[in-house]
>>> print(open('protein.pdb').read())   # PDB, N, CA and C atoms, pLDDT in the B column
ATOM      1  N   MET A   1      -7.110   8.773   9.366  1.00 85.00           N
ATOM      2  CA  MET A   1      -7.666   7.430   9.344  1.00 85.00           C
ATOM      3  C   MET A   1      -6.583   6.393   9.599  1.00 85.00           C
ATOM      4  N   LEU A   2      -5.423   6.589   9.011  1.00 83.00           N
ATOM      5  CA  LEU A   2      -4.358   5.621   9.174  1.00 83.00           C
ATOM      6  C   LEU A   2      -3.861   5.593  10.615  1.00 83.00           C
ATOM      7  N   ARG A   3      -3.787   6.736  11.237  1.00 86.00           N
ATOM      8  CA  ARG A   3      -3.275   6.818  12.603  1.00 86.00           C
ATOM      9  C   ARG A   3      -4.327   6.433  13.635  1.00 86.00           C
ATOM     10  N   ASP A   4      -5.549   6.904  13.478  1.00 90.00           N
ATOM     11  CA  ASP A   4      -6.566   6.758  14.515  1.00 90.00           C
ATOM     12  C   ASP A   4      -7.665   5.752  14.208  1.00 90.00           C
ATOM     13  N   GLY A   5      -7.705   5.222  13.019  1.00 91.00           N
ATOM     14  CA  GLY A   5      -8.781   4.307  12.652  1.00 91.00           C
ATOM     15  C   GLY A   5      -8.615   2.932  13.272  1.00 91.00           C
ATOM     16  N   ASP A   6      -9.728   2.231  13.427  1.00 93.00           N
ATOM     17  CA  ASP A   6      -9.643   0.857  13.916  1.00 93.00           C
ATOM     18  C   ASP A   6      -9.147  -0.036  12.772  1.00 93.00           C
ATOM     19  N   GLU A   7      -9.007  -1.322  13.054  1.00 91.00           N
ATOM     20  CA  GLU A   7      -8.445  -2.233  12.051  1.00 91.00           C
ATOM     21  C   GLU A   7      -9.280  -2.294  10.776  1.00 91.00           C
ATOM     22  N   ASP A   8     -10.601  -2.203  10.885  1.00 93.00           N
ATOM     23  CA  ASP A   8     -11.447  -2.217   9.682  1.00 93.00           C
ATOM     24  C   ASP A   8     -11.213  -0.992   8.812  1.00 93.00           C
ATOM     25  N   VAL A   9     -11.075   0.164   9.436  1.00 92.00           N
ATOM     26  CA  VAL A   9     -10.827   1.403   8.692  1.00 92.00           C
ATOM     27  C   VAL A   9      -9.458   1.345   8.028  1.00 92.00           C
ATOM     28  N   LYS A  10      -8.457   0.890   8.767  1.00 88.00           N
ATOM     29  CA  LYS A  10      -7.110   0.790   8.199  1.00 88.00           C
ATOM     30  C   LYS A  10      -7.094  -0.185   7.030  1.00 88.00           C
ATOM     31  N   ASN A  11      -7.753  -1.318   7.180  1.00 87.00           N
ATOM     32  CA  ASN A  11      -7.809  -2.286   6.091  1.00 87.00           C
ATOM     33  C   ASN A  11      -8.478  -1.684   4.859  1.00 87.00           C
ATOM     34  N   ALA A  12      -9.548  -0.956   5.060  1.00 89.00           N
ATOM     35  CA  ALA A  12     -10.234  -0.310   3.937  1.00 89.00           C
ATOM     36  C   ALA A  12      -9.312   0.678   3.230  1.00 89.00           C
ATOM     37  N   LEU A  13      -8.535   1.410   3.987  1.00 87.00           N
ATOM     38  CA  LEU A  13      -7.588   2.360   3.410  1.00 87.00           C
ATOM     39  C   LEU A  13      -6.529   1.620   2.594  1.00 87.00           C
ATOM     40  N   TYR A  14      -6.006   0.535   3.135  1.00 84.00           N
ATOM     41  CA  TYR A  14      -5.006  -0.245   2.410  1.00 84.00           C
ATOM     42  C   TYR A  14      -5.575  -0.784   1.103  1.00 84.00           C
ATOM     43  N   VAL A  15      -6.758  -1.390   1.180  1.00 85.00           N
ATOM     44  CA  VAL A  15      -7.329  -2.081   0.030  1.00 85.00           C
ATOM     45  C   VAL A  15      -7.843  -1.115  -1.033  1.00 85.00           C
ATOM     46  N   SER A  16      -8.499  -0.054  -0.611  1.00 85.00           N
ATOM     47  CA  SER A  16      -9.136   0.816  -1.602  1.00 85.00           C
ATOM     48  C   SER A  16      -8.237   1.942  -2.098  1.00 85.00           C
ATOM     49  N   TYR A  17      -7.165   2.219  -1.394  1.00 84.00           N
ATOM     50  CA  TYR A  17      -6.337   3.363  -1.769  1.00 84.00           C
ATOM     51  C   TYR A  17      -4.880   2.975  -1.965  1.00 84.00           C
ATOM     52  N   LEU A  18      -4.229   2.531  -0.910  1.00 86.00           N
ATOM     53  CA  LEU A  18      -2.781   2.354  -0.953  1.00 86.00           C
ATOM     54  C   LEU A  18      -2.325   1.332  -1.978  1.00 86.00           C
ATOM     55  N   GLU A  19      -3.030   0.210  -2.083  1.00 83.00           N
ATOM     56  CA  GLU A  19      -2.527  -0.815  -2.996  1.00 83.00           C
ATOM     57  C   GLU A  19      -2.717  -0.433  -4.459  1.00 83.00           C
ATOM     58  N   HIS A  20      -3.428   0.638  -4.724  1.00 81.00           N
ATOM     59  CA  HIS A  20      -3.642   1.073  -6.105  1.00 81.00           C
ATOM     60  C   HIS A  20      -2.755   2.246  -6.514  1.00 81.00           C
ATOM     61  N   LEU A  21      -1.947   2.749  -5.604  1.00 82.00           N
ATOM     62  CA  LEU A  21      -1.057   3.847  -5.960  1.00 82.00           C
ATOM     63  C   LEU A  21       0.044   3.341  -6.876  1.00 82.00           C
ATOM     64  N   GLU A  22       0.245   4.021  -7.968  1.00 79.00           N
ATOM     65  CA  GLU A  22       1.309   3.685  -8.916  1.00 79.00           C
ATOM     66  C   GLU A  22       2.188   4.916  -9.087  1.00 79.00           C
ATOM     67  N   PHE A  23       3.487   4.706  -8.950  1.00 77.00           N
ATOM     68  CA  PHE A  23       4.400   5.825  -9.102  1.00 77.00           C
ATOM     69  C   PHE A  23       5.150   5.773 -10.428  1.00 77.00           C
ATOM     70  N   GLN A  24       4.823   4.807 -11.245  1.00 73.00           N
ATOM     71  CA  GLN A  24       5.337   4.707 -12.606  1.00 73.00           C
ATOM     72  C   GLN A  24       4.137   4.488 -13.513  1.00 73.00           C
ATOM     73  N   ASP A  25       4.025   5.255 -14.556  1.00 68.00           N
ATOM     74  CA  ASP A  25       2.936   5.096 -15.510  1.00 68.00           C
ATOM     75  C   ASP A  25       3.539   5.182 -16.901  1.00 68.00           C
ATOM     76  N   GLY A  26       3.915   4.030 -17.411  1.00 62.00           N
ATOM     77  CA  GLY A  26       4.570   4.029 -18.712  1.00 62.00           C
ATOM     78  C   GLY A  26       5.903   4.753 -18.611  1.00 62.00           C
ATOM     79  N   LYS A  27       6.031   5.839 -19.324  1.00 60.00           N
ATOM     80  CA  LYS A  27       7.281   6.605 -19.336  1.00 60.00           C
ATOM     81  C   LYS A  27       7.282   7.731 -18.314  1.00 60.00           C
ATOM     82  N   ARG A  28       6.134   7.963 -17.653  1.00 67.00           N
ATOM     83  CA  ARG A  28       6.049   9.085 -16.707  1.00 67.00           C
ATOM     84  C   ARG A  28       6.294   8.594 -15.284  1.00 67.00           C
ATOM     85  N   ALA A  29       7.385   9.017 -14.703  1.00 71.00           N
ATOM     86  CA  ALA A  29       7.671   8.674 -13.312  1.00 71.00           C
ATOM     87  C   ALA A  29       7.003   9.702 -12.412  1.00 71.00           C
ATOM     88  N   ARG A  30       6.466   9.223 -11.341  1.00 78.00           N
ATOM     89  CA  ARG A  30       5.806  10.115 -10.383  1.00 78.00           C
ATOM     90  C   ARG A  30       6.543  10.074  -9.043  1.00 78.00           C
ATOM     91  N   ALA A  31       7.859  10.083  -9.087  1.00 78.00           N
ATOM     92  CA  ALA A  31       8.662  10.006  -7.868  1.00 78.00           C
ATOM     93  C   ALA A  31       8.355  11.174  -6.933  1.00 78.00           C
ATOM     94  N   TRP A  32       7.962  12.309  -7.480  1.00 82.00           N
ATOM     95  CA  TRP A  32       7.656  13.471  -6.639  1.00 82.00           C
ATOM     96  C   TRP A  32       6.499  13.160  -5.705  1.00 82.00           C
ATOM     97  N   ALA A  33       5.522  12.388  -6.168  1.00 83.00           N
ATOM     98  CA  ALA A  33       4.365  12.063  -5.333  1.00 83.00           C
ATOM     99  C   ALA A  33       4.764  11.123  -4.203  1.00 83.00           C
ATOM    100  N   LYS A  34       5.597  10.163  -4.517  1.00 83.00           N
ATOM    101  CA  LYS A  34       6.081   9.243  -3.495  1.00 83.00           C
ATOM    102  C   LYS A  34       6.894   9.991  -2.454  1.00 83.00           C
ATOM    103  N   ALA A  35       7.733  10.907  -2.888  1.00 86.00           N
ATOM    104  CA  ALA A  35       8.566  11.690  -1.972  1.00 86.00           C
ATOM    105  C   ALA A  35       7.734  12.628  -1.104  1.00 86.00           C
ATOM    106  N   ALA A  36       6.558  13.009  -1.570  1.00 89.00           N
ATOM    107  CA  ALA A  36       5.703  13.946  -0.826  1.00 89.00           C
ATOM    108  C   ALA A  36       4.838  13.252   0.225  1.00 89.00           C
ATOM    109  N   MET A  37       4.833  11.930   0.235  1.00 89.00           N
ATOM    110  CA  MET A  37       4.005  11.199   1.198  1.00 89.00           C
ATOM    111  C   MET A  37       4.541  11.400   2.618  1.00 89.00           C
ATOM    112  N   PRO A  38       3.657  11.615   3.573  1.00 91.00           N
ATOM    113  CA  PRO A  38       4.103  11.642   4.970  1.00 91.00           C
ATOM    114  C   PRO A  38       4.705  10.277   5.338  1.00 91.00           C
ATOM    115  N   PRO A  39       5.638  10.242   6.288  1.00 92.00           N
ATOM    116  CA  PRO A  39       6.301   8.974   6.630  1.00 92.00           C
ATOM    117  C   PRO A  39       5.342   7.833   6.971  1.00 92.00           C
ATOM    118  N   ALA A  40       4.315   8.077   7.734  1.00 89.00           N
ATOM    119  CA  ALA A  40       3.383   7.001   8.115  1.00 89.00           C
ATOM    120  C   ALA A  40       2.654   6.448   6.891  1.00 89.00           C
ATOM    121  N   LEU A  41       2.272   7.310   5.975  1.00 89.00           N
ATOM    122  CA  LEU A  41       1.591   6.865   4.759  1.00 89.00           C
ATOM    123  C   LEU A  41       2.543   6.077   3.875  1.00 89.00           C
ATOM    124  N   HIS A  42       3.791   6.534   3.783  1.00 90.00           N
ATOM    125  CA  HIS A  42       4.788   5.816   2.989  1.00 90.00           C
ATOM    126  C   HIS A  42       5.037   4.435   3.577  1.00 90.00           C
ATOM    127  N   GLU A  43       5.151   4.326   4.895  1.00 91.00           N
ATOM    128  CA  GLU A  43       5.333   3.024   5.543  1.00 91.00           C
ATOM    129  C   GLU A  43       4.164   2.090   5.251  1.00 91.00           C
ATOM    130  N   ALA A  44       2.955   2.611   5.332  1.00 90.00           N
ATOM    131  CA  ALA A  44       1.768   1.803   5.060  1.00 90.00           C
ATOM    132  C   ALA A  44       1.760   1.351   3.607  1.00 90.00           C
ATOM    133  N   TRP A  45       2.092   2.261   2.685  1.00 89.00           N
ATOM    134  CA  TRP A  45       2.147   1.915   1.268  1.00 89.00           C
ATOM    135  C   TRP A  45       3.202   0.835   1.025  1.00 89.00           C
ATOM    136  N   GLN A  46       4.377   1.001   1.642  1.00 91.00           N
ATOM    137  CA  GLN A  46       5.446   0.020   1.467  1.00 91.00           C
ATOM    138  C   GLN A  46       5.029  -1.343   2.009  1.00 91.00           C
ATOM    139  N   SER A  47       4.342  -1.341   3.126  1.00 90.00           N
ATOM    140  CA  SER A  47       3.879  -2.579   3.730  1.00 90.00           C
ATOM    141  C   SER A  47       2.920  -3.325   2.808  1.00 90.00           C
ATOM    142  N   VAL A  48       1.937  -2.632   2.271  1.00 88.00           N
ATOM    143  CA  VAL A  48       0.970  -3.285   1.393  1.00 88.00           C
ATOM    144  C   VAL A  48       1.626  -3.695   0.075  1.00 88.00           C
ATOM    145  N   THR A  49       2.571  -2.923  -0.394  1.00 88.00           N
ATOM    146  CA  THR A  49       3.287  -3.269  -1.623  1.00 88.00           C
ATOM    147  C   THR A  49       4.133  -4.526  -1.415  1.00 88.00           C
ATOM    148  N   ASP A  50       4.858  -4.590  -0.297  1.00 91.00           N
ATOM    149  CA  ASP A  50       5.665  -5.774   0.009  1.00 91.00           C
ATOM    150  C   ASP A  50       4.784  -7.020   0.141  1.00 91.00           C
ATOM    151  N   TYR A  51       3.655  -6.864   0.815  1.00 89.00           N
ATOM    152  CA  TYR A  51       2.719  -7.978   0.995  1.00 89.00           C
ATOM    153  C   TYR A  51       2.212  -8.488  -0.358  1.00 89.00           C
ATOM    154  N   ASN A  52       1.792  -7.578  -1.220  1.00 86.00           N
ATOM    155  CA  ASN A  52       1.273  -7.986  -2.531  1.00 86.00           C
ATOM    156  C   ASN A  52       2.351  -8.632  -3.388  1.00 86.00           C
ATOM    157  N   GLU A  53       3.590  -8.139  -3.300  1.00 89.00           N
ATOM    158  CA  GLU A  53       4.683  -8.758  -4.053  1.00 89.00           C
ATOM    159  C   GLU A  53       4.970 -10.166  -3.538  1.00 89.00           C
ATOM    160  N   ALA A  54       4.925 -10.359  -2.217  1.00 91.00           N
ATOM    161  CA  ALA A  54       5.131 -11.694  -1.637  1.00 91.00           C
ATOM    162  C   ALA A  54       4.028 -12.646  -2.076  1.00 91.00           C
ATOM    163  N   LEU A  55       2.789 -12.164  -2.130  1.00 89.00           N
ATOM    164  CA  LEU A  55       1.694 -12.998  -2.630  1.00 89.00           C
ATOM    165  C   LEU A  55       1.935 -13.411  -4.079  1.00 89.00           C
ATOM    166  N   ALA A  56       2.377 -12.455  -4.890  1.00 89.00           N
ATOM    167  CA  ALA A  56       2.612 -12.734  -6.301  1.00 89.00           C
ATOM    168  C   ALA A  56       3.728 -13.762  -6.494  1.00 89.00           C
ATOM    169  N   ARG A  57       4.733 -13.734  -5.618  1.00 87.00           N
ATOM    170  CA  ARG A  57       5.827 -14.701  -5.684  1.00 87.00           C
ATOM    171  C   ARG A  57       5.427 -16.064  -5.138  1.00 87.00           C
ATOM    172  N   GLY A  58       4.318 -16.101  -4.398  1.00 84.00           N
ATOM    173  CA  GLY A  58       3.886 -17.341  -3.780  1.00 84.00           C
ATOM    174  C   GLY A  58       4.607 -17.638  -2.491  1.00 84.00           C
ATOM    175  N   SER A  59       5.296 -16.650  -1.943  1.00 79.00           N
ATOM    176  CA  SER A  59       6.045 -16.871  -0.707  1.00 79.00           C
ATOM    177  C   SER A  59       5.239 -16.504   0.537  1.00 79.00           C
ATOM    178  N   MET A  60       3.953 -16.198   0.337  1.00 71.00           N
ATOM    179  CA  MET A  60       3.093 -15.846   1.464  1.00 71.00           C
ATOM    180  C   MET A  60       1.671 -16.241   1.121  1.00 71.00           C
ATOM    181  N   SER A  61       0.921 -16.638   2.127  1.00 72.00           N
ATOM    182  CA  SER A  61      -0.491 -16.958   1.950  1.00 72.00           C
ATOM    183  C   SER A  61      -1.327 -15.714   2.222  1.00 72.00           C
ATOM    184  N   PRO A  62      -2.468 -15.590   1.557  1.00 72.00           N
ATOM    185  CA  PRO A  62      -3.332 -14.424   1.829  1.00 72.00           C
ATOM    186  C   PRO A  62      -3.733 -14.381   3.288  1.00 72.00           C
ATOM    187  N   LYS A  63      -3.871 -13.163   3.811  1.00 68.00           N
ATOM    188  CA  LYS A  63      -4.341 -12.983   5.182  1.00 68.00           C
ATOM    189  C   LYS A  63      -5.780 -13.444   5.259  1.00 68.00           C
ATOM    190  N   LYS A  64      -6.150 -13.993   6.396  1.00 58.00           N
ATOM    191  CA  LYS A  64      -7.519 -14.441   6.602  1.00 58.00           C
ATOM    192  C   LYS A  64      -8.473 -13.260   6.455  1.00 58.00           C
ATOM    193  N   GLY A  65      -9.488 -13.427   5.649  1.00 50.00           N
ATOM    194  CA  GLY A  65     -10.470 -12.372   5.417  1.00 50.00           C
ATOM    195  C   GLY A  65     -10.075 -11.422   4.306  1.00 50.00           C
ATOM    196  N   ALA A  66      -8.907 -11.599   3.713  1.00 52.00           N
ATOM    197  CA  ALA A  66      -8.465 -10.684   2.643  1.00 52.00           C
ATOM    198  C   ALA A  66      -8.983 -11.139   1.319  1.00 52.00           C
TER
END
>>> encode(input="protein.pdb", output="structure tokens")
Amino acid sequence: MLRDGDEDVKNALYVSYLEHLEFQDGKRARAWAKAAMPPALHEAWQSVTDYNEALARGSMSPKKGA
């Protein structure tokens, strides 16, 4: 889906899946899961994480339609 999906499919993947991945849960680190991600999925996760952090800092405006 990430590689071949249109923009709507990719957006759905980002919003419903990637932005909810947590690799820290209290005292339990899940670094193994992050390390197991294929490169394209890791890039997509990093992109959505960076975007959400910029929104939280107020250094970026929400994307239109988001």
>>> axis_aligned_box(input="protein.pdb", around="region 17-36 of chain A", padding_each_side="8 Å", output="JSON")
{"center_x": 0.7, "center_y": 6.6, "center_z": -9.6, "size_x": 31.8, "size_y": 30.8, "size_z": 35.6}
>>> residues_around(input="protein.pdb", residues="region 13-24 of chain A", least_positions_apart="5", cutoff="10 Å", atoms="only C-alpha atoms", output="list in words")
Met1, Leu2, Gly5, Glu7, Asp8, Ala29, Arg30, Ala31, Trp32, Ala33, Lys34, Leu41, His42, Ala44, Trp45, Gln46, Ser47, Val48, Thr49, Tyr51, Asn52 and Ala66 of chain A
>>> atom_distance(input="protein.pdb", atom1="CA of Asp4 (chain A)", atom2="CA of Ala36 (chain A)")
20.9 Å
>>> select_by_dssp(input="protein.pdb", residues="chain A", states="helix (DSSP H, G or I)", output="PDB file with N, CA and C atoms, keeping the file's coordinate frame")
ATOM      1  N   GLU A   7      -9.007  -1.322  13.054  1.00 91.00           N
ATOM      2  CA  GLU A   7      -8.445  -2.233  12.051  1.00 91.00           C
ATOM      3  C   GLU A   7      -9.280  -2.294  10.776  1.00 91.00           C
ATOM      4  N   ASP A   8     -10.601  -2.203  10.885  1.00 93.00           N
ATOM      5  CA  ASP A   8     -11.447  -2.217   9.682  1.00 93.00           C
ATOM      6  C   ASP A   8     -11.213  -0.992   8.812  1.00 93.00           C
ATOM      7  N   VAL A   9     -11.075   0.164   9.436  1.00 92.00           N
ATOM      8  CA  VAL A   9     -10.827   1.403   8.692  1.00 92.00           C
ATOM      9  C   VAL A   9      -9.458   1.345   8.028  1.00 92.00           C
ATOM     10  N   LYS A  10      -8.457   0.890   8.767  1.00 88.00           N
ATOM     11  CA  LYS A  10      -7.110   0.790   8.199  1.00 88.00           C
ATOM     12  C   LYS A  10      -7.094  -0.185   7.030  1.00 88.00           C
ATOM     13  N   ASN A  11      -7.753  -1.318   7.180  1.00 87.00           N
ATOM     14  CA  ASN A  11      -7.809  -2.286   6.091  1.00 87.00           C
ATOM     15  C   ASN A  11      -8.478  -1.684   4.859  1.00 87.00           C
ATOM     16  N   ALA A  12      -9.548  -0.956   5.060  1.00 89.00           N
ATOM     17  CA  ALA A  12     -10.234  -0.310   3.937  1.00 89.00           C
ATOM     18  C   ALA A  12      -9.312   0.678   3.230  1.00 89.00           C
ATOM     19  N   LEU A  13      -8.535   1.410   3.987  1.00 87.00           N
ATOM     20  CA  LEU A  13      -7.588   2.360   3.410  1.00 87.00           C
ATOM     21  C   LEU A  13      -6.529   1.620   2.594  1.00 87.00           C
ATOM     22  N   TYR A  14      -6.006   0.535   3.135  1.00 84.00           N
ATOM     23  CA  TYR A  14      -5.006  -0.245   2.410  1.00 84.00           C
ATOM     24  C   TYR A  14      -5.575  -0.784   1.103  1.00 84.00           C
ATOM     25  N   VAL A  15      -6.758  -1.390   1.180  1.00 85.00           N
ATOM     26  CA  VAL A  15      -7.329  -2.081   0.030  1.00 85.00           C
ATOM     27  C   VAL A  15      -7.843  -1.115  -1.033  1.00 85.00           C
ATOM     28  N   SER A  16      -8.499  -0.054  -0.611  1.00 85.00           N
ATOM     29  CA  SER A  16      -9.136   0.816  -1.602  1.00 85.00           C
ATOM     30  C   SER A  16      -8.237   1.942  -2.098  1.00 85.00           C
ATOM     31  N   LEU A  18      -4.229   2.531  -0.910  1.00 86.00           N
ATOM     32  CA  LEU A  18      -2.781   2.354  -0.953  1.00 86.00           C
ATOM     33  C   LEU A  18      -2.325   1.332  -1.978  1.00 86.00           C
ATOM     34  N   GLU A  19      -3.030   0.210  -2.083  1.00 83.00           N
ATOM     35  CA  GLU A  19      -2.527  -0.815  -2.996  1.00 83.00           C
ATOM     36  C   GLU A  19      -2.717  -0.433  -4.459  1.00 83.00           C
ATOM     37  N   HIS A  20      -3.428   0.638  -4.724  1.00 81.00           N
ATOM     38  CA  HIS A  20      -3.642   1.073  -6.105  1.00 81.00           C
ATOM     39  C   HIS A  20      -2.755   2.246  -6.514  1.00 81.00           C
ATOM     40  N   ALA A  31       7.859  10.083  -9.087  1.00 78.00           N
ATOM     41  CA  ALA A  31       8.662  10.006  -7.868  1.00 78.00           C
ATOM     42  C   ALA A  31       8.355  11.174  -6.933  1.00 78.00           C
ATOM     43  N   TRP A  32       7.962  12.309  -7.480  1.00 82.00           N
ATOM     44  CA  TRP A  32       7.656  13.471  -6.639  1.00 82.00           C
ATOM     45  C   TRP A  32       6.499  13.160  -5.705  1.00 82.00           C
ATOM     46  N   ALA A  33       5.522  12.388  -6.168  1.00 83.00           N
ATOM     47  CA  ALA A  33       4.365  12.063  -5.333  1.00 83.00           C
ATOM     48  C   ALA A  33       4.764  11.123  -4.203  1.00 83.00           C
ATOM     49  N   LYS A  34       5.597  10.163  -4.517  1.00 83.00           N
ATOM     50  CA  LYS A  34       6.081   9.243  -3.495  1.00 83.00           C
ATOM     51  C   LYS A  34       6.894   9.991  -2.454  1.00 83.00           C
ATOM     52  N   ALA A  35       7.733  10.907  -2.888  1.00 86.00           N
ATOM     53  CA  ALA A  35       8.566  11.690  -1.972  1.00 86.00           C
ATOM     54  C   ALA A  35       7.734  12.628  -1.104  1.00 86.00           C
ATOM     55  N   ALA A  36       6.558  13.009  -1.570  1.00 89.00           N
ATOM     56  CA  ALA A  36       5.703  13.946  -0.826  1.00 89.00           C
ATOM     57  C   ALA A  36       4.838  13.252   0.225  1.00 89.00           C
ATOM     58  N   PRO A  39       5.638  10.242   6.288  1.00 92.00           N
ATOM     59  CA  PRO A  39       6.301   8.974   6.630  1.00 92.00           C
ATOM     60  C   PRO A  39       5.342   7.833   6.971  1.00 92.00           C
ATOM     61  N   ALA A  40       4.315   8.077   7.734  1.00 89.00           N
ATOM     62  CA  ALA A  40       3.383   7.001   8.115  1.00 89.00           C
ATOM     63  C   ALA A  40       2.654   6.448   6.891  1.00 89.00           C
ATOM     64  N   LEU A  41       2.272   7.310   5.975  1.00 89.00           N
ATOM     65  CA  LEU A  41       1.591   6.865   4.759  1.00 89.00           C
ATOM     66  C   LEU A  41       2.543   6.077   3.875  1.00 89.00           C
ATOM     67  N   HIS A  42       3.791   6.534   3.783  1.00 90.00           N
ATOM     68  CA  HIS A  42       4.788   5.816   2.989  1.00 90.00           C
ATOM     69  C   HIS A  42       5.037   4.435   3.577  1.00 90.00           C
ATOM     70  N   GLU A  43       5.151   4.326   4.895  1.00 91.00           N
ATOM     71  CA  GLU A  43       5.333   3.024   5.543  1.00 91.00           C
ATOM     72  C   GLU A  43       4.164   2.090   5.251  1.00 91.00           C
ATOM     73  N   ALA A  44       2.955   2.611   5.332  1.00 90.00           N
ATOM     74  CA  ALA A  44       1.768   1.803   5.060  1.00 90.00           C
ATOM     75  C   ALA A  44       1.760   1.351   3.607  1.00 90.00           C
ATOM     76  N   TRP A  45       2.092   2.261   2.685  1.00 89.00           N
ATOM     77  CA  TRP A  45       2.147   1.915   1.268  1.00 89.00           C
ATOM     78  C   TRP A  45       3.202   0.835   1.025  1.00 89.00           C
ATOM     79  N   GLN A  46       4.377   1.001   1.642  1.00 91.00           N
ATOM     80  CA  GLN A  46       5.446   0.020   1.467  1.00 91.00           C
ATOM     81  C   GLN A  46       5.029  -1.343   2.009  1.00 91.00           C
ATOM     82  N   SER A  47       4.342  -1.341   3.126  1.00 90.00           N
ATOM     83  CA  SER A  47       3.879  -2.579   3.730  1.00 90.00           C
ATOM     84  C   SER A  47       2.920  -3.325   2.808  1.00 90.00           C
ATOM     85  N   VAL A  48       1.937  -2.632   2.271  1.00 88.00           N
ATOM     86  CA  VAL A  48       0.970  -3.285   1.393  1.00 88.00           C
ATOM     87  C   VAL A  48       1.626  -3.695   0.075  1.00 88.00           C
ATOM     88  N   THR A  49       2.571  -2.923  -0.394  1.00 88.00           N
ATOM     89  CA  THR A  49       3.287  -3.269  -1.623  1.00 88.00           C
ATOM     90  C   THR A  49       4.133  -4.526  -1.415  1.00 88.00           C
ATOM     91  N   ASP A  50       4.858  -4.590  -0.297  1.00 91.00           N
ATOM     92  CA  ASP A  50       5.665  -5.774   0.009  1.00 91.00           C
ATOM     93  C   ASP A  50       4.784  -7.020   0.141  1.00 91.00           C
ATOM     94  N   TYR A  51       3.655  -6.864   0.815  1.00 89.00           N
ATOM     95  CA  TYR A  51       2.719  -7.978   0.995  1.00 89.00           C
ATOM     96  C   TYR A  51       2.212  -8.488  -0.358  1.00 89.00           C
ATOM     97  N   ASN A  52       1.792  -7.578  -1.220  1.00 86.00           N
ATOM     98  CA  ASN A  52       1.273  -7.986  -2.531  1.00 86.00           C
ATOM     99  C   ASN A  52       2.351  -8.632  -3.388  1.00 86.00           C
ATOM    100  N   GLU A  53       3.590  -8.139  -3.300  1.00 89.00           N
ATOM    101  CA  GLU A  53       4.683  -8.758  -4.053  1.00 89.00           C
ATOM    102  C   GLU A  53       4.970 -10.166  -3.538  1.00 89.00           C
ATOM    103  N   ALA A  54       4.925 -10.359  -2.217  1.00 91.00           N
ATOM    104  CA  ALA A  54       5.131 -11.694  -1.637  1.00 91.00           C
ATOM    105  C   ALA A  54       4.028 -12.646  -2.076  1.00 91.00           C
ATOM    106  N   LEU A  55       2.789 -12.164  -2.130  1.00 89.00           N
ATOM    107  CA  LEU A  55       1.694 -12.998  -2.630  1.00 89.00           C
ATOM    108  C   LEU A  55       1.935 -13.411  -4.079  1.00 89.00           C
ATOM    109  N   ALA A  56       2.377 -12.455  -4.890  1.00 89.00           N
ATOM    110  CA  ALA A  56       2.612 -12.734  -6.301  1.00 89.00           C
ATOM    111  C   ALA A  56       3.728 -13.762  -6.494  1.00 89.00           C
ATOM    112  N   ARG A  57       4.733 -13.734  -5.618  1.00 87.00           N
ATOM    113  CA  ARG A  57       5.827 -14.701  -5.684  1.00 87.00           C
ATOM    114  C   ARG A  57       5.427 -16.064  -5.138  1.00 87.00           C
TER     115      ARG A  57
END
>>> select_by_dssp(input="protein.pdb", residues="region 9-57 of chain A", states="strand (DSSP E or B)", output="PyMOL selection string")
chain A and resi 24-25+28-29
>>> atom_distance(input="protein.pdb", atom1="atom N of Asp50 (chain A)", atom2="atom C of Ala35 (chain A)")
17.5 Å
